[in-house]
Amino acid sequence: MSAAAPPVLSVDALAVAVEESPRYCDAGQARAAGGDPAEGGLFGGWTEADPEAGGLLASYLSSVAEHSGAPLRELRMLAAREDGADLAETALRRLGPPPGPQPFVLVQSAADRDTLSAALPRLVHERDWPVTEDMGVTHLGDLGGAAVLDLLSWWADPAVGVTAVVVDEPLFALAGAVPGRLTAVALRFGGGDGPLRVLGWGEGGRPGPGADRVFTGPGACGGWPDLHHALHRDELRSGERVLVRCGADEHHAWVLLSRTAATPREES
């Protein structure tokens, strides 16, 4: 990951969506039920009447438990939302459309919440603005909210801009360590004229010159939600250097920004 970047990218708009107290079910019970739609989003389209699906689910969950180093009874699986709402879609709706056709990238901390309905093609299909290119990246863990800059530095044309959504929805968690909140952050990047100019990014260590404000938070979205709050409450002064951190202290990534005089766009 690059340690610095020329200031040719800016955050032109930022929107956030959260799901409080998400429901995680016992993965062992989901396996026994063969993928009851009421219990799990991952294999929700299969039922216990399908023995082949039940066997595949059992094998998959066993491999996940083995990889985590925990017994299956300690594994919890993210359940499907009863209202059918989607965090990424909500964040994109709040962000609104870009000024013209743009590429779109979806960054996820883990796998799709429902592999029977892949998120990337669905989100592209449902956009009311032309998507020129699309890309999906999964399993970036807690670093996705900053690692996305490394991707955009060579993939995106700053003159055209790009829309990115970072989704932190861990599909599995261990009992006692279930996340209390799931988050999606929608970011629109442009050619340097937005309210937050990108100065650099990196992984671990220090970002060089200090920042006036530091925003941190759990998971892949890190400090972006708190920065969003401060930006729209007009708490940042023009010229202030802002550091956004994603991930834990021992394994984190960061983005260094500078507040400009540009006015943040109002959310839809």
# chains A, B, ... in the order shown; residues from 1 in each chain; ligands from 1

call {"tool": "residues_around", "arguments": {"residues": "A:Ala13", "least_positions_apart": "3", "cutoff": "10 Å", "atoms": "only C-alpha atoms", "output": "list in words"}}
result
Ser10, Leu95, Gly96, Pro98, Thr163, Ala186, Leu187, Arg188, Phe189, Gly190, Gly194, Pro195, Leu196, His228, Thr263, Pro264, Arg265, Glu266 and Glu267 of chain A

call {"tool": "write_last_selection", "arguments": {"atoms": "C-alpha atoms", "output": "short mmCIF file (atom, residue, chain, number, x, y, z; two decimals), in the first residue's frame"}}
result
data_model
loop_
_atom_site.label_atom_id
_atom_site.label_comp_id
_atom_site.auth_asym_id
_atom_site.auth_seq_id
_atom_site.Cartn_x
_atom_site.Cartn_y
_atom_site.Cartn_z
CA SER A 10 -10.90 14.47 -2.97
CA LEU A 95 -25.31 9.81 -1.21
CA GLY A 96 -27.39 10.54 -4.29
CA PRO A 98 -23.10 11.72 -9.33
CA THR A 163 -18.36 6.10 -6.28
CA ALA A 186 -20.69 5.58 0.62
CA LEU A 187 -17.89 7.80 -0.69
CA ARG A 188 -17.77 9.84 -3.88
CA PHE A 189 -14.28 10.79 -5.01
CA GLY A 190 -13.42 13.53 -7.48
CA GLY A 194 -14.25 18.51 -2.84
CA PRO A 195 -14.50 19.38 0.86
CA LEU A 196 -11.86 16.79 1.83
CA HIS A 228 -19.27 12.37 8.41
CA THR A 263 -19.23 23.13 1.05
CA PRO A 264 -20.29 19.50 1.70
CA ARG A 265 -23.13 18.35 -0.51
CA GLU A 266 -26.44 17.83 1.27
CA GLU A 267 -27.55 14.20 1.41
#

call {"tool": "residues_around", "arguments": {"residues": "stretch 128-137 of chain A", "least_positions_apart": "6", "cutoff": "6 Å", "atoms": "only C-alpha atoms", "output": "PDB file with C-alpha atoms, in the first residue's frame"}}
result
ATOM      1  CA  PRO A 101     -21.624   8.563 -15.483  1.00  0.00           C
ATOM      2  CA  GLN A 102     -19.092   7.064 -13.094  1.00  0.00           C
ATOM      3  CA  PRO A 103     -17.445   3.757 -12.192  1.00  0.00           C
ATOM      4  CA  PHE A 104     -18.570   2.012  -9.025  1.00  0.00           C
ATOM      5  CA  VAL A 105     -16.648  -0.128  -6.539  1.00  0.00           C
ATOM      6  CA  LEU A 106     -18.019  -2.228  -3.680  1.00  0.00           C
ATOM      7  CA  VAL A 107     -15.609  -3.064  -0.854  1.00  0.00           C
TER       8      VAL A 107
END

call {"tool": "closest_residue", "arguments": {"among": "A:Val178, A:Leu171, A:Leu61, A:Val198", "to": "A:Ala110", "atoms": "only C-alpha atoms"}}
result
A:Leu171

call {"tool": "atom_distance", "arguments": {"atom1": "atom CA of A:Arg93", "atom2": "atom CA of A:Glu126"}}
result
10.4 Å

call {"tool": "residues_around", "arguments": {"residues": "A:Ala88", "least_positions_apart": "2", "cutoff": "12 Å", "atoms": "only C-alpha atoms", "output": "ChimeraX atom specification"}}
result
/A:15-19,85-86,90-95,105-108,112-113,119-120,122-124,126-127,163-169,182-187

call {"tool": "write_last_selection", "arguments": {"atoms": "N, CA, C and O atoms", "output": "compact mmCIF listing (two decimals), in the first residue's frame"}}
result
# COMPACT_ATOMS: atom_id res chain seq x y z
N ALA A 15 -21.74 9.55 2.81
CA ALA A 15 -23.00 9.18 3.44
C ALA A 15 -22.81 7.89 4.22
O ALA A 15 -21.94 7.07 3.90
N VAL A 16 -23.61 7.69 5.26
CA VAL A 16 -23.45 6.56 6.17
C VAL A 16 -24.79 5.89 6.43
O VAL A 16 -25.83 6.56 6.51
N ALA A 17 -24.78 4.57 6.55
CA ALA A 17 -25.96 3.81 6.97
C ALA A 17 -25.52 2.80 8.02
O ALA A 17 -24.43 2.21 7.91
N VAL A 18 -26.33 2.61 9.07
CA VAL A 18 -25.96 1.68 10.14
C VAL A 18 -27.14 0.76 10.46
O VAL A 18 -28.30 1.10 10.24
N GLU A 19 -26.81 -0.41 10.94
CA GLU A 19 -27.79 -1.35 11.48
C GLU A 19 -27.40 -1.64 12.92
O GLU A 19 -26.35 -2.24 13.18
N ALA A 85 -34.15 -4.61 4.23
CA ALA A 85 -33.35 -3.43 3.94
C ALA A 85 -31.90 -3.82 3.70
O ALA A 85 -31.42 -4.86 4.16
N ASP A 86 -31.19 -2.98 2.98
CA ASP A 86 -29.81 -3.25 2.61
C ASP A 86 -28.96 -2.04 2.96
O ASP A 86 -29.26 -0.92 2.55
N THR A 90 -28.94 1.69 1.18
CA THR A 90 -29.34 2.86 1.96
C THR A 90 -28.28 3.95 1.90
O THR A 90 -28.58 5.13 1.71
N ALA A 91 -27.01 3.56 2.05
CA ALA A 91 -25.93 4.54 1.98
C ALA A 91 -25.86 5.19 0.60
O ALA A 91 -25.68 6.41 0.48
N LEU A 92 -26.04 4.41 -0.46
CA LEU A 92 -26.00 4.95 -1.81
C LEU A 92 -27.16 5.90 -2.07
O LEU A 92 -27.00 6.95 -2.71
N ARG A 93 -28.33 5.55 -1.56
CA ARG A 93 -29.49 6.43 -1.74
C ARG A 93 -29.25 7.76 -1.05
O ARG A 93 -29.60 8.83 -1.59
N ARG A 94 -28.66 7.73 0.13
CA ARG A 94 -28.38 8.98 0.85
C ARG A 94 -27.29 9.79 0.15
O ARG A 94 -27.31 11.02 0.20
N LEU A 95 -26.37 9.11 -0.49
CA LEU A 95 -25.31 9.81 -1.21
C LEU A 95 -25.86 10.55 -2.43
O LEU A 95 -25.42 11.65 -2.74
N VAL A 105 -17.37 0.95 -7.19
CA VAL A 105 -16.65 -0.13 -6.54
C VAL A 105 -17.30 -0.45 -5.21
O VAL A 105 -17.69 0.45 -4.46
N LEU A 106 -17.46 -1.74 -4.94
CA LEU A 106 -18.02 -2.23 -3.68
C LEU A 106 -16.92 -2.95 -2.92
O LEU A 106 -16.33 -3.90 -3.41
N VAL A 107 -16.64 -2.47 -1.71
CA VAL A 107 -15.61 -3.06 -0.85
C VAL A 107 -16.29 -3.66 0.37
O VAL A 107 -16.99 -2.95 1.11
N GLN A 108 -16.10 -4.95 0.61
CA GLN A 108 -16.74 -5.62 1.73
C GLN A 108 -15.69 -6.24 2.65
O GLN A 108 -14.68 -6.77 2.20
N ASP A 112 -20.40 -11.79 0.73
CA ASP A 112 -21.75 -11.28 0.58
C ASP A 112 -22.64 -11.81 1.70
O ASP A 112 -22.53 -12.97 2.10
N ARG A 113 -23.55 -10.96 2.16
CA ARG A 113 -24.48 -11.40 3.21
C ARG A 113 -25.38 -12.50 2.70
O ARG A 113 -25.75 -13.41 3.43
N ALA A 119 -24.32 -9.00 -4.17
CA ALA A 119 -24.59 -7.58 -3.93
C ALA A 119 -24.17 -6.69 -5.09
O ALA A 119 -24.89 -5.76 -5.46
N LEU A 120 -22.99 -6.92 -5.67
CA LEU A 120 -22.47 -6.00 -6.68
C LEU A 120 -23.37 -5.86 -7.90
O LEU A 120 -23.77 -4.74 -8.25
N ARG A 122 -26.48 -6.54 -8.23
CA ARG A 122 -27.78 -6.00 -7.83
C ARG A 122 -27.71 -4.50 -7.62
O ARG A 122 -28.58 -3.75 -8.09
N LEU A 123 -26.66 -4.02 -6.93
CA LEU A 123 -26.52 -2.59 -6.68
C LEU A 123 -26.33 -1.82 -7.99
O LEU A 123 -26.88 -0.74 -8.17
N VAL A 124 -25.54 -2.39 -8.91
CA VAL A 124 -25.33 -1.73 -10.21
C VAL A 124 -26.63 -1.65 -10.98
O VAL A 124 -26.98 -0.63 -11.57
N GLU A 126 -29.64 -1.57 -9.87
CA GLU A 126 -30.65 -0.72 -9.26
C GLU A 126 -30.29 0.77 -9.28
O GLU A 126 -31.09 1.61 -8.85
N ARG A 127 -29.11 1.12 -9.78
CA ARG A 127 -28.73 2.53 -9.83
C ARG A 127 -29.56 3.27 -10.87
O ARG A 127 -29.84 2.75 -11.94
N THR A 163 -17.55 6.33 -7.47
CA THR A 163 -18.36 6.10 -6.28
C THR A 163 -17.95 4.77 -5.64
O THR A 163 -17.85 3.75 -6.33
N ALA A 164 -17.69 4.80 -4.36
CA ALA A 164 -17.27 3.60 -3.64
C ALA A 164 -18.16 3.40 -2.41
O ALA A 164 -18.55 4.37 -1.76
N VAL A 165 -18.46 2.15 -2.11
CA VAL A 165 -19.19 1.81 -0.89
C VAL A 165 -18.37 0.80 -0.11
O VAL A 165 -17.97 -0.23 -0.66
N VAL A 166 -18.11 1.11 1.14
CA VAL A 166 -17.40 0.21 2.05
C VAL A 166 -18.43 -0.37 3.01
O VAL A 166 -19.13 0.37 3.70
N VAL A 167 -18.56 -1.69 3.03
CA VAL A 167 -19.58 -2.36 3.84
C VAL A 167 -18.90 -3.24 4.89
O VAL A 167 -18.08 -4.09 4.54
N ASP A 168 -19.25 -3.01 6.13
CA ASP A 168 -18.70 -3.81 7.23
C ASP A 168 -19.84 -4.64 7.82
O ASP A 168 -20.54 -4.19 8.73
N GLU A 169 -20.03 -5.84 7.28
CA GLU A 169 -21.07 -6.77 7.73
C GLU A 169 -20.43 -8.14 7.92
O GLU A 169 -20.55 -9.00 7.05
N LEU A 182 -23.56 -2.76 12.46
CA LEU A 182 -23.04 -2.96 11.12
C LEU A 182 -23.10 -1.62 10.39
O LEU A 182 -24.02 -0.83 10.62
N THR A 183 -22.15 -1.36 9.53
CA THR A 183 -22.03 -0.03 8.93
C THR A 183 -21.71 -0.12 7.45
O THR A 183 -20.98 -1.02 7.01
N ALA A 184 -22.25 0.81 6.68
CA ALA A 184 -21.88 1.00 5.29
C ALA A 184 -21.59 2.49 5.09
O ALA A 184 -22.34 3.34 5.57
N VAL A 185 -20.50 2.79 4.40
CA VAL A 185 -20.12 4.17 4.10
C VAL A 185 -20.02 4.32 2.59
O VAL A 185 -19.31 3.55 1.93
N ALA A 186 -20.75 5.27 2.05
CA ALA A 186 -20.69 5.58 0.62
C ALA A 186 -19.83 6.82 0.43
O ALA A 186 -20.05 7.85 1.08
N LEU A 187 -18.85 6.72 -0.45
CA LEU A 187 -17.89 7.80 -0.69
C LEU A 187 -17.88 8.14 -2.18
O LEU A 187 -17.83 7.24 -3.02

call {"tool": "select_by_dssp", "arguments": {"residues": "stretch 8-249 of chain A", "states": "helix (DSSP H, G or I)", "output": "VMD selection string"}}
result
chain A and resid 27 to 32 51 to 68 72 to 74 87 to 95 119 to 126 141 to 155 224 to 232

call {"tool": "atom_distance", "arguments": {"atom1": "atom CA of A:Pro71", "atom2": "atom CA of A:His252"}}
result
27.7 Å

call {"tool": "select_by_dssp", "arguments": {"residues": "stretch 13-258 of chain A", "states": "strand (DSSP E)", "output": "ChimeraX atom specification"}}
result
/A:13-20,24-26,75-78,102-108,131-137,162-168,172-174,181-190,196-203,213-215,241-248,251-258

call {"tool": "atom_distance", "arguments": {"atom1": "atom CA of A:Ala220", "atom2": "atom CA of A:Pro99"}}
result
27.2 Å

call {"tool": "closest_residue", "arguments": {"among": "A:Pro97, A:Gly222, A:Gly69, A:Pro158", "to": "A:Val11", "atoms": "only C-alpha atoms"}}
result
A:Pro158
